[in-house]
file upload27.cif (mmCIF, C-alpha atoms)
data_model
#
loop_
_atom_site.label_atom_id
_atom_site.label_comp_id
_atom_site.auth_asym_id
_atom_site.auth_seq_id
_atom_site.Cartn_x
_atom_site.Cartn_y
_atom_site.Cartn_z
CA MET A 1 -13.92 20.75 149.86
CA VAL A 2 -15.26 23.66 151.93
CA GLY A 3 -12.65 23.07 154.63
CA GLN A 4 -9.74 23.22 152.17
CA GLY A 5 -9.96 27.00 151.84
CA ARG A 6 -9.54 26.90 148.07
CA TRP A 7 -12.64 29.02 147.46
CA GLN A 8 -14.99 31.30 149.35
CA TRP A 9 -18.44 29.73 149.68
CA LEU A 10 -21.64 31.74 150.04
CA ILE A 11 -24.55 29.44 150.79
CA LYS A 12 -28.05 30.82 150.26
CA PHE A 13 -31.04 28.63 150.90
CA HIS A 14 -34.58 28.92 149.60
CA PRO A 15 -36.76 30.69 152.20
CA LYS A 16 -38.86 27.53 152.62
CA MET A 17 -35.86 25.31 153.29
CA ASP A 18 -36.20 23.00 156.27
CA GLN A 19 -34.44 24.75 159.18
CA GLU A 20 -32.83 21.48 160.21
CA TRP A 21 -30.81 21.52 156.97
CA VAL A 22 -29.91 25.18 157.38
CA GLU A 23 -28.56 24.45 160.86
CA ARG A 24 -26.54 21.50 159.55
CA TYR A 25 -24.87 23.78 157.00
CA ARG A 26 -24.25 26.44 159.62
CA GLU A 27 -21.88 23.94 161.20
CA LEU A 28 -19.68 24.32 158.09
CA GLU A 29 -19.35 28.08 158.54
CA GLY A 30 -15.85 29.34 158.95
CA GLU A 31 -13.29 31.61 157.38
CA ASN A 32 -14.20 30.61 153.82
CA CYS A 33 -17.84 29.49 154.20
CA HIS A 34 -20.82 31.67 155.07
CA VAL A 35 -24.54 30.90 155.19
CA VAL A 36 -26.24 34.02 153.88
CA GLU A 37 -29.65 35.00 155.18
CA THR A 38 -30.89 38.00 153.29
CA ALA A 39 -34.04 38.77 151.35
CA SER A 40 -32.08 40.66 148.70
CA LEU A 41 -30.32 38.25 146.38
CA ALA A 42 -28.64 40.86 144.16
CA PRO A 43 -25.57 41.40 146.40
CA VAL A 44 -25.08 37.64 146.79
CA LEU A 45 -25.32 37.05 143.05
CA GLN A 46 -22.93 39.91 142.29
CA ALA A 47 -20.37 38.58 144.77
CA ALA A 48 -20.28 35.13 143.17
CA ASP A 49 -17.94 34.06 140.37
CA ILE A 50 -19.79 30.79 139.85
CA MET A 51 -23.08 29.31 141.08
CA VAL A 52 -23.75 25.77 142.20
CA SER A 53 -27.43 24.81 142.15
CA ASP A 54 -29.87 22.09 141.25
CA THR A 55 -32.92 23.14 139.28
CA SER A 56 -33.86 26.61 140.44
CA SER A 57 -35.24 29.82 138.99
CA ILE A 58 -32.30 31.72 140.48
CA ILE A 59 -30.10 30.13 137.79
CA THR A 60 -31.84 32.33 135.22
CA GLU A 61 -31.13 35.50 137.19
CA PHE A 62 -27.51 34.54 137.74
CA ALA A 63 -27.09 33.71 134.06
CA LEU A 64 -27.75 37.36 133.21
CA LEU A 65 -24.42 38.17 134.88
CA SER A 66 -22.66 36.04 132.20
CA ARG A 67 -21.07 33.76 134.75
CA PRO A 68 -20.91 29.95 134.84
CA VAL A 69 -23.44 27.78 136.66
CA VAL A 70 -22.74 24.25 137.83
CA THR A 71 -25.95 22.28 138.20
CA PHE A 72 -26.49 18.99 139.94
CA LYS A 73 -28.75 16.53 138.16
CA ASN A 74 -30.54 19.34 136.35
CA LYS A 75 -33.82 18.16 134.87
CA ALA A 76 -33.25 20.16 131.68
CA PRO A 77 -29.51 20.81 131.28
CA GLU A 78 -28.62 23.30 128.57
CA ALA A 79 -25.40 24.23 126.79
CA HIS A 80 -24.74 27.20 129.09
CA LEU A 81 -24.86 25.00 132.21
CA VAL A 82 -22.15 22.70 133.52
CA ASP A 83 -24.24 19.76 134.68
CA ILE A 84 -22.87 17.05 136.94
CA ASN A 85 -24.48 13.84 138.14
CA LEU A 86 -22.20 12.89 141.03
CA ALA A 87 -21.17 14.98 144.02
CA ASP A 88 -17.58 13.86 143.45
CA GLN A 89 -17.58 15.81 140.17
CA LEU A 90 -18.24 19.18 141.84
CA GLU A 91 -14.66 20.20 142.61
CA GLN A 92 -13.48 19.46 139.07
CA ALA A 93 -16.51 21.24 137.57
CA ILE A 94 -15.72 24.39 139.56
CA ALA A 95 -11.96 24.28 138.97
CA SER A 96 -12.25 23.72 135.24
CA ASN A 97 -14.79 26.52 134.76
CA LEU A 98 -13.07 29.29 136.71
CA PRO A 99 -12.43 31.09 134.47
CA PRO A 100 -14.94 29.71 131.95
CA SER A 101 -13.70 28.46 128.60
CA PRO A 102 -14.42 30.54 125.47
CA ALA A 103 -16.94 27.88 124.35
CA LEU A 104 -18.82 28.04 127.67
CA LEU A 105 -18.72 31.85 127.64
CA ASP A 106 -20.20 31.81 124.14
CA ALA A 107 -23.00 29.46 125.26
CA ILE A 108 -23.66 31.68 128.28
CA GLU A 109 -23.80 34.81 126.09
CA GLN A 110 -26.20 33.10 123.65
CA ASN A 111 -28.44 32.18 126.59
CA VAL A 112 -28.32 35.73 127.94
CA ALA A 113 -29.28 37.09 124.49
CA GLN A 114 -32.35 34.83 124.50
CA LEU A 115 -33.33 35.72 128.05
CA HIS A 116 -32.83 39.45 127.78
CA PRO A 117 -31.86 40.68 124.31
CA TYR A 118 -31.37 44.29 125.39
CA GLN A 119 -28.34 45.22 127.46
CA ASP A 120 -28.59 48.97 126.92
CA GLY A 121 -30.34 49.85 130.21
CA LYS A 122 -33.40 51.20 128.38
CA SER A 123 -35.82 48.28 128.90
CA SER A 124 -37.95 50.20 131.40
CA ALA A 125 -38.24 53.14 128.99
CA ARG A 126 -39.33 50.77 126.20
CA MET A 127 -41.92 49.25 128.50
CA LEU A 128 -43.30 52.64 129.49
CA ASP A 129 -43.50 53.67 125.81
CA ALA A 130 -45.41 50.48 125.01
CA VAL A 131 -47.86 51.07 127.88
CA GLU A 132 -48.44 54.68 126.81
CA SER A 133 -49.02 53.53 123.24
CA MET A 134 -51.57 50.96 124.39
CA ILE A 135 -53.37 53.57 126.47
CA LYS A 136 -53.55 55.94 123.48
CA LEU A 137 -54.80 53.24 121.10
CA GLY A 138 -57.28 51.79 123.56
CA ARG A 139 -59.10 48.68 122.34
CA LYS A 140 -58.10 49.43 118.73
CA GLY A 141 -54.52 48.49 119.64
CA LEU A 142 -55.47 45.00 120.80
CA LYS A 143 -55.19 42.04 118.49
CA PRO A 144 -58.29 39.85 118.36
CA MET A 145 -58.09 36.58 120.23
CA PRO A 146 -57.61 33.67 117.83
CA ARG A 147 -60.64 31.45 117.42
CA ASN A 148 -59.46 28.01 118.35
CA LEU A 149 -62.52 25.81 118.14
CA PHE A 150 -60.64 22.52 118.58
CA ARG A 151 -58.85 23.72 121.74
CA ASN A 152 -62.12 25.12 123.07
CA LEU A 153 -63.92 21.80 122.54
CA LYS A 154 -61.09 19.82 124.19
CA LEU A 155 -61.15 22.10 127.21
CA ARG A 156 -64.94 21.91 127.50
CA LYS A 157 -64.78 18.10 127.34
CA LYS A 158 -62.04 17.99 129.97
CA LEU A 159 -64.00 20.28 132.30
CA GLY A 160 -67.38 18.73 131.50
CA TYR A 161 -68.72 22.17 130.57
CA TRP A 162 -71.46 22.27 127.91
CA GLY A 163 -73.63 25.09 129.28
CA ALA A 164 -74.33 28.42 127.66
#
call {"tool": "encode", "arguments": {"input": "upload27.cif", "output": "C-alpha cells"}}
result
Amino acid sequence: MVGQGRWQWLIKFHPKMDQEWVERYRELEGENCHVVETASLAPVLQAADIMVSDTSSIITEFALLSRPVVTFKNKAPEAHLVDINLADQLEQAIASNLPPSPALLDAIEQNVAQLHPYQDGKSSARMLDAVESMIKLGRKGLKPMPRNLFRNLKLRKKLGYWGA
C-alpha cells in the first residue's frame, strides 16, 4: 500500500519503540513515505488528514483537530473511531473516510466537545482567573473532602493498616 503512491505516509513512532522496528520501517521510506523523528508532534499532527494507530494517547490529541482516526484492534473503540480488526481492512478504511462521512464528522465533533468544550481560545485565561480566585479565597474556597467511611475501611483492609 505504501509503495503504490496513493497517499503520503508520515510514520511517527513512540520514543520507546524498539530501534529494530524503526529501522525496518526506514526501509519503506521513499517519495511518499517518511519516518518522522521529532520531539514536537504538533507539526506532524497538523500535516495529517487521517491517523492510523492502535490504542494510544495521541489519538485524543489528534481528535481535537476534527479529523478521522483509523484504529487497529482498539481496546475501547468509540463512535468517532474507525476501528478495524484485520490489516487487509486498512486501505478500505482510509479510502472510505477521506473525506469523512457526515455521520463520522458528527461523531468526531461530539467527541471533541466532550474532550474540550471550549474552542474560543480563552481556556488559558479561564484557568488563570480560576487560580486567582482560589488564591483570593484561600482555604474558604475549598470544598470539604467527602467522608467516605466504607471506602476508607476497604482501603485500610487492603493495605493492612489499622494504626493511628
call {"tool": "closest_residue", "arguments": {"input": "upload27.cif", "among": "A:Ser124, A:Glu132, A:Asn97, A:His34", "to": "A:Val69", "atoms": "all atoms listed in the file"}}
result
A:Asn97
call {"tool": "residues_around", "arguments": {"input": "upload27.cif", "residues": "A:Ala107", "least_positions_apart": "3", "cutoff": "12 Å", "atoms": "only C-alpha atoms", "output": "PyMOL selection string"}}
result
chain A and resi 63+66-69+78-82+100-104+110-114
call {"tool": "residues_around", "arguments": {"input": "upload27.cif", "residues": "A:Asp83", "least_positions_apart": "5", "cutoff": "10 Å", "atoms": "all atoms listed in the file", "output": "JSON, numbers by chain"}}
result
{"A": [52, 53, 54, 69, 70, 71, 72, 73, 74, 75, 76, 77, 78, 89, 90, 93]}
call {"tool": "residues_around", "arguments": {"input": "upload27.cif", "residues": "stretch 3-19 of chain A", "least_positions_apart": "5", "cutoff": "6 Å", "atoms": "all atoms listed in the file", "output": "list in words"}}
result
Asn32, Cys33, His34, Val35 and Val36 of chain A
call {"tool": "closest_residue", "arguments": {"input": "upload27.cif", "among": "A:Met1, A:Leu128, A:Leu149, A:Phe62", "to": "A:Ala95", "atoms": "only C-alpha atoms"}}
result
A:Met1
call {"tool": "atom_distance", "arguments": {"input": "upload27.cif", "atom1": "atom CA of A:Asp49", "atom2": "atom CA of A:Leu65"}}
result
9.4 Å
call {"tool": "atom_distance", "arguments": {"input": "upload27.cif", "atom1": "atom CA of A:Val131", "atom2": "atom CA of A:Ile58"}}
result
27.8 Å
call {"tool": "atom_distance", "arguments": {"input": "upload27.cif", "atom1": "atom CA of A:Glu31", "atom2": "atom CA of A:Pro43"}}
result
19.2 Å
call {"tool": "closest_residue", "arguments": {"input": "upload27.cif", "among": "A:Phe150, A:Ile94, A:Glu109, A:Met134", "to": "A:Met51", "atoms": "all atoms listed in the file"}}
result
A:Ile94
call {"tool": "closest_residue", "arguments": {"input": "upload27.cif", "among": "A:Val22, A:Val2, A:Trp162, A:Ala130", "to": "A:Glu37", "atoms": "all atoms listed in the file"}}
result
A:Val22
